[in-house]
Amino acid sequence: MATVIIPTPLRKFTNNTSKIEIKGGNITEAINELAFNFPDLKKHLLDESGNIRSFVNIFVGNDDIRDLQQENTVVKEDAVVSIIPAIAGGS
Amino acid sequence: MLIIETAAKSAMIADALKSFPNECCGFMFGFEEGSLRTITTSVEVNNAKEGDQRRRFEISAIDYMRAEKYADENNLILLGIYHSHPNHPAIPSEHDRIAAQGYFSYVIISIMESKFSSILSWQLNDVSQFEEEKII
């Protein structure tokens, strides 16, 4: 099973669970599995068109899926997938 | 309500002063007891914003991953983010609000003309607007 690391701000939508085991496949399948099991999480990951929100980064290991095959990036059985909120701002 | 332990508060203010006239940024860790949060540790990170850093900050995804790992390994909670507003009040801007995450405490340190001015904390409410979180 692959592991998804949920960032602290989204853990209220995963019953306070920080690490979730998923079957793997690719990123689209992984997100669908998460959204099925934790429906309130879905809108924080995907926009109205079903695309990954611009303020959400998804890494497989240490690699941004934008530098791999985007949503088609393969999630191997031993992979660690991190959901990472974009952190920015300023005066 | 938010308690910031002295060492963590001093470290954040020192980072803000050192970075002036640019914005600094970092993570805050600690624990929660009901609605009371206590920041025990702050960790400064590189402002990854390309270009003018006097009015913008950005934290890299890799640094964010490290912060979650640090919290996990040290049995702490990643409670929020701090950053500085050089020559601006410690009030969140629209840029701050758009990128903000629910749950996190956002501590802003105002530095005016190289001197510490004020420190305030903010949290998003249910309609994604910032409300001040009282520091006690």
# chains A, B, ... in the order shown; residues from 1 in each chain; ligands from 1

call {"tool": "interface_residues", "arguments": {"of": "chain B", "to": "chain A", "cutoff": "9 Å", "atoms": "only C-alpha atoms", "output": "NGL selection string"}}
result
:B and (23 or 49 or 53-62 or 64-65 or 68 or 77-79 or 81 or 83-86 or 88-104)

call {"tool": "residues_around", "arguments": {"residues": "Asp78 in chain A", "least_positions_apart": "2", "cutoff": "10 Å", "atoms": "only C-alpha atoms", "output": "PDB file with C-alpha atoms, in the first residue's frame"}}
result
ATOM      1  CA  MET A   1       0.000   0.000   0.000  1.00  0.00           C
ATOM      2  CA  ALA A   2       1.137   3.552  -0.720  1.00  0.00           C
ATOM      3  CA  THR A   3       0.958   6.215   1.978  1.00  0.00           C
ATOM      4  CA  LYS A  23      -4.042   1.223  -3.115  1.00  0.00           C
ATOM      5  CA  GLY A  24      -1.979   3.319  -5.461  1.00  0.00           C
ATOM      6  CA  GLY A  61       8.601  11.172  -2.720  1.00  0.00           C
ATOM      7  CA  VAL A  75       1.984   5.795  -7.434  1.00  0.00           C
ATOM      8  CA  LYS A  76       3.916   2.639  -6.638  1.00  0.00           C
ATOM      9  CA  VAL A  80       4.840   8.248  -0.139  1.00  0.00           C
ATOM     10  CA  VAL A  81       2.517  10.907  -1.541  1.00  0.00           C
TER      11      VAL A  81
END

call {"tool": "decode", "arguments": {"residues": "range 13-31 of chain A", "atoms": "C-alpha atoms", "output": "short mmCIF file (atom, residue, chain, number, x, y, z; two decimals), in the first residue's frame"}}
result
data_model
loop_
_atom_site.label_atom_id
_atom_site.label_comp_id
_atom_site.auth_asym_id
_atom_site.auth_seq_id
_atom_site.Cartn_x
_atom_site.Cartn_y
_atom_site.Cartn_z
CA PHE A 13 -11.37 16.27 7.19
CA THR A 14 -9.62 12.92 7.74
CA ASN A 15 -10.69 12.25 11.35
CA ASN A 16 -7.36 13.73 12.50
CA THR A 17 -5.42 11.06 10.63
CA SER A 18 -2.07 12.20 9.26
CA LYS A 19 -1.12 9.13 7.20
CA ILE A 20 -3.57 7.24 5.02
CA GLU A 21 -2.91 4.00 3.20
CA ILE A 22 -4.15 3.82 -0.37
CA LYS A 23 -4.04 1.22 -3.11
CA GLY A 24 -1.98 3.32 -5.46
CA GLY A 25 -2.20 3.29 -9.25
CA ASN A 26 -1.80 6.90 -10.27
CA ILE A 27 -2.46 10.30 -8.69
CA THR A 28 -5.99 10.59 -10.10
CA GLU A 29 -6.91 7.22 -8.64
CA ALA A 30 -5.26 8.10 -5.34
CA ILE A 31 -7.22 11.35 -5.04
#
